[in-house]
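Take a look at the structure below.
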Amino acid sequence: MTLTKSSVIEVLKGVIYFTKGDNIVDLGMLDELEVAENSIRFRLIFPKLGEASVNIVIGAATKALKDAFGEEVKLEITPIAEKDKGRGPLAGVKHIIAVASGKGGVGKSTVAANLAVALARSGAQVGLVDADIYGPSVPIMFGTENMQPGVYEKEGKPVIVPIEKHGIRLLSIGYFVDTDKPLVWRGPMATSALNQLLSDADWGVLDFLIIDLPPGTGDIQLTLAQSYSVTGAIIVTTPQKVAFADVKRAAHMFQQEKLTIPLIGLIENMAFFTPSDMPEKKYFIFGEGHGQQFADELNIPFLGQIPIEAKIAASGDSGNPIALDENSAVTKAFDLVAKRLRETFQ
Ligand SMILES: Nc1ncnc2c1ncn2[C@@H]1O[C@H](COP(=O)(O)OP(=O)(O)O)[C@@H](O)[C@H]1O
Ligand SMILES: [Mg+2]
């Protein structure tokens, strides 16, 4: 059979959605069908996701299309819940989680990247957006500085295809600009950059899209809160007592009237140091217990402590985030946070 839009539709008319007793085309479930040379992409709109019938229909559609057009035909079938139909390119994303901090240098990017790795290892589909347009770090942390996201055209508009590394879909402003040259971003430029990374990209189906925000309280945070349905924000802090002012500022930004993003909790980074020859020792160099105390005072959950680990800086530069190393104490700390997130948002 020749691969054309109409032949694909003909084939899909043979796929029955038994819950409603008719084929998926006549039920109006087929959406945004695109056919290119040896590839077929479309969305299927279901009343609800997470039901066995969704996988059955996708399996049946896959088999029917491969039978008709050959095993090599590339398929991308994205199930969408009816209620998310209008959410555009982010429709397949279950949870958007922002990682924020009151100031820079606390390890926000380190947390975002390693949390993404830990979530992916736990079996989730994960994307990571580096929205820190002032100091993008995802390209270096994932060893993808020399890569460029693909672009294809859809209805006359360019769509960005995230880069995939370590099983995580990645986008960063760093892939599009020369990061050696300092950039002065004005508000509108910053927000349009964020919109491109989120709305003009093809994120496909994801359980979690993690956003590494710039530090502080600015246009990016505002745009995110106003234009996207963010599941929640994680605030990263270091343990010093004086850091509380920054934590409070970040927390309050998300709790402003009309732009409420729920606070998922607080992560204390660089919480303590354990010498490698004394694995049972914990030295609380910057003070003990402040992370928990900050979380209690703000009445938000305390998600965990990440130790100080010299390898973090090295792994950040090597292109392999430390959470890929299953023996590291840091990895165990991130695995715990990932587990909590999956339990909360499954
Ligand atoms: N737990 C840690 N142990 C050791 N070094 C860390 C840790 N967390 C972050 N760093 C290092 O601190 C620096 C700042 O971290 P980064 O994640 O870039 O912060 P931010 O994104 O908040 O500016 C980086 O060089 C990073 O490698
Ligand atoms: Mg950063």
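Quick note on naming: the chains in the structure tokens go A, B, ... in the order shown, residues restart at 1 in each chain, and ligands are numbered from 1 in order of appearance.
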
| said: I want to know what sits within 8 Å of range 7-9 of chain A, based on only C-alpha atoms, with residues of the same chain fewer than 4 positions away left out; could you give that as a PyMOL selection string? | reply: chain A and resi 1-3+13+25+65

| message | Taking only C-alpha atoms and all ligand atoms into account, which residues have an atom no farther than 9 Å from ligand 2? I'd like them as a PyMOL selection string. | response | chain A and resi 104-110+112+130+132+134-138+212-215

Just C-alpha atoms for this one: save the residues we selected as a short mmCIF file (atom, residue, chain, number, x, y, z; two decimals), in the first residue's frame.
```
data_model
loop_
_atom_site.label_atom_id
_atom_site.label_comp_id
_atom_site.auth_asym_id
_atom_site.auth_seq_id
_atom_site.Cartn_x
_atom_site.Cartn_y
_atom_site.Cartn_z
CA GLY A 104 22.52 31.34 41.95
CA GLY A 105 25.25 28.87 42.77
CA VAL A 106 23.24 26.78 45.23
CA GLY A 107 23.15 23.77 42.92
CA LYS A 108 19.84 24.28 41.17
CA SER A 109 21.11 22.96 37.84
CA THR A 110 22.85 20.08 39.60
CA ALA A 112 17.49 19.53 38.15
CA ASP A 130 17.24 24.55 30.85
CA ASP A 132 18.32 29.57 32.83
CA TYR A 134 21.51 33.79 31.72
CA GLY A 135 23.71 30.80 32.48
CA PRO A 136 22.61 27.67 30.65
CA SER A 137 24.31 24.55 31.97
CA VAL A 138 22.45 21.56 30.52
CA ASP A 212 15.79 24.46 35.55
CA LEU A 213 14.79 28.07 36.23
CA PRO A 214 17.12 31.05 36.42
CA PRO A 215 17.82 32.13 40.01
#
```

Item to check | Residues near Ile285 in chain A, cut-off 10 Å, only C-alpha atoms, skip fewer than 2 positions along chain, as a PyMOL selection string | outcome: chain A and resi 239-240+270-273+282-283+287-288+308

Where does range 198-283 of chain A meet range 164-173 of chain A within 9 Å, residue by residue, with the nearest atom pair and distance in Å to one decimal for each, counting only C-alpha atoms, listed by chain and rising number, as CSV?
```
residue,atom,partner,partner_atom,distance
A:Leu198,CA,A:Leu171,CA,8.8
A:Ala201,CA,A:Leu171,CA,8.7
A:Trp203,CA,A:Arg169,CA,7.7
A:Leu209,CA,A:Arg169,CA,8.9
```

Nearby residues (only C-alpha atoms) at most 12 Å from Ala243 in chain A, same-chain spacing under 4 positions excluded, as a ChimeraX atom specification:
/A:101-106,235-239,247-250,268-269,286-287,290-291,293-294

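With only C-alpha atoms and all ligand atoms as the atoms that count, the residue of A:Thr217, A:Asn114, A:Asn146, A:Gln346 with the shortest distance to ligand 1 is A:Asn114.
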
Can you pull out every residue within 10 Å of Leu194 in chain A, counting only C-alpha atoms, but drop anything in the same chain fewer than 5 positions away, and send it as a CSV table (one decimal) with C-alpha atoms, in the first residue's frame?
```
chain,number,residue,atom,x,y,z
A,129,VAL,CA,14.4,22.3,30.0
A,130,ASP,CA,17.2,24.6,30.8
A,131,ALA,CA,15.4,27.8,31.2
A,132,ASP,CA,18.3,29.6,32.8
A,133,ILE,CA,18.9,31.7,29.8
A,172,SER,CA,18.4,24.6,26.5
A,173,ILE,CA,18.8,28.0,25.2
A,188,PRO,CA,10.3,40.1,26.3
A,189,MET,CA,13.3,38.2,24.8
A,199,SER,CA,5.6,25.5,23.3
A,200,ASP,CA,7.4,25.3,20.1
A,213,LEU,CA,14.8,28.1,36.2
A,219,ASP,CA,10.1,37.4,33.9
A,220,ILE,CA,10.8,33.8,33.3
A,221,GLN,CA,9.2,32.7,36.6
A,223,THR,CA,5.7,33.7,32.4
A,224,LEU,CA,5.9,30.2,33.5
```

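Pairwise distance (CA of Ile163 in chain A, CA of Val73 in chain A) equals 21.7 Å.
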
Atom 19 (O, counted along the ligand's line) of ligand 1 to CA of Tyr228 in chain A measures 24.2 Å

query: Among range 96-161 of chain A, which ones does DSSP place in strand (DSSP E or B), written as a PyMOL selection string?
result: chain A and resi 96-100+126-130+150-154+157-161

Output N, CA and C atoms for every residue in the selection just made, as a compact mmCIF listing (two decimals), in the first residue's frame.
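Below is the file part.txt, written as the result:
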```txt
# COMPACT_ATOMS: atom_id res chain seq x y z
N ILE A 96 4.68 19.11 34.99
CA ILE A 96 5.76 20.08 34.78
C ILE A 96 6.26 20.48 36.17
N ILE A 97 7.54 20.27 36.41
CA ILE A 97 8.09 20.57 37.72
C ILE A 97 9.23 21.57 37.60
N ALA A 98 9.08 22.72 38.24
CA ALA A 98 10.10 23.77 38.17
C ALA A 98 11.07 23.61 39.33
N VAL A 99 12.36 23.78 39.04
CA VAL A 99 13.38 23.76 40.09
C VAL A 99 13.90 25.19 40.21
N ALA A 100 13.75 25.75 41.41
CA ALA A 100 14.01 27.18 41.59
C ALA A 100 14.91 27.42 42.79
N VAL A 126 11.23 11.27 30.90
CA VAL A 126 11.61 12.55 31.48
C VAL A 126 12.18 13.51 30.44
N GLY A 127 11.82 14.77 30.58
CA GLY A 127 12.41 15.84 29.78
C GLY A 127 13.01 16.88 30.73
N LEU A 128 14.01 17.60 30.24
CA LEU A 128 14.65 18.63 31.05
C LEU A 128 14.81 19.89 30.21
N VAL A 129 14.23 20.98 30.69
CA VAL A 129 14.37 22.27 30.00
C VAL A 129 15.29 23.16 30.82
N ASP A 130 16.32 23.62 30.20
CA ASP A 130 17.24 24.55 30.85
C ASP A 130 16.73 25.95 30.52
N GLY A 150 17.02 19.13 16.34
CA GLY A 150 16.44 19.13 14.99
C GLY A 150 15.23 20.04 14.92
N VAL A 151 14.86 20.39 13.73
CA VAL A 151 13.68 21.23 13.53
C VAL A 151 12.89 20.66 12.37
N TYR A 152 11.59 20.55 12.53
CA TYR A 152 10.77 20.22 11.36
C TYR A 152 9.61 21.21 11.27
N GLU A 153 8.93 21.17 10.17
CA GLU A 153 7.88 22.16 9.99
C GLU A 153 6.51 21.52 10.15
N LYS A 154 5.66 22.23 10.84
CA LYS A 154 4.30 21.73 11.02
C LYS A 154 3.35 22.89 10.82
N LYS A 157 4.91 26.18 10.64
CA LYS A 157 5.70 26.71 11.76
C LYS A 157 6.79 25.71 12.16
N PRO A 158 7.97 26.23 12.54
CA PRO A 158 9.03 25.30 12.92
C PRO A 158 8.76 24.66 14.29
N VAL A 159 9.03 23.37 14.38
CA VAL A 159 8.89 22.65 15.65
C VAL A 159 10.26 22.09 16.02
N ILE A 160 10.69 22.33 17.27
CA ILE A 160 12.02 21.91 17.72
C ILE A 160 11.95 20.49 18.29
N VAL A 161 12.91 19.66 17.92
CA VAL A 161 12.96 18.30 18.45
C VAL A 161 14.05 18.26 19.54
```

Would you pick out the contacts of Tyr17 in chain A at 12 Å or less, using only C-alpha atoms, so that residues sharing its chain but fewer than 4 positions from it are not included, and give the list as a list in words? Leu12, Lys13, Gly21, Asp22, Asn23, Ile24, Val25, Asp26, Leu27, Gly28, Met29, Leu30, Leu44, Ile45, Phe46, Pro47, Ala52, Ser53, Val54, Asn55, Ile56, Val57, Ile58, Gly59, Ala60 and Ala61 of chain A

The residue from A:Ala113, A:Gln148, A:Phe254, A:Ser229 with the smallest atom-to-atom distance to ligand 1, counting only C-alpha atoms and all ligand atoms, is A:Ala113

Can you tell me, as number ranges by chain, which residues in range 34-166 of chain A count as alpha helix (DSSP H) by DSSP?
A: 52-69, 108-121, 138-141

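Across A:Gly304, A:Pro79, A:Gly204, A:Gly50, the tightest approach to ligand 1 is made by A:Gly304 when counting only C-alpha atoms and all ligand atoms.
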
Using only C-alpha atoms and all ligand atoms, the residue out of A:Ser315, A:Thr19, A:Ser328, A:Asn195 with shortest distance to ligand 1 is A:Ser315
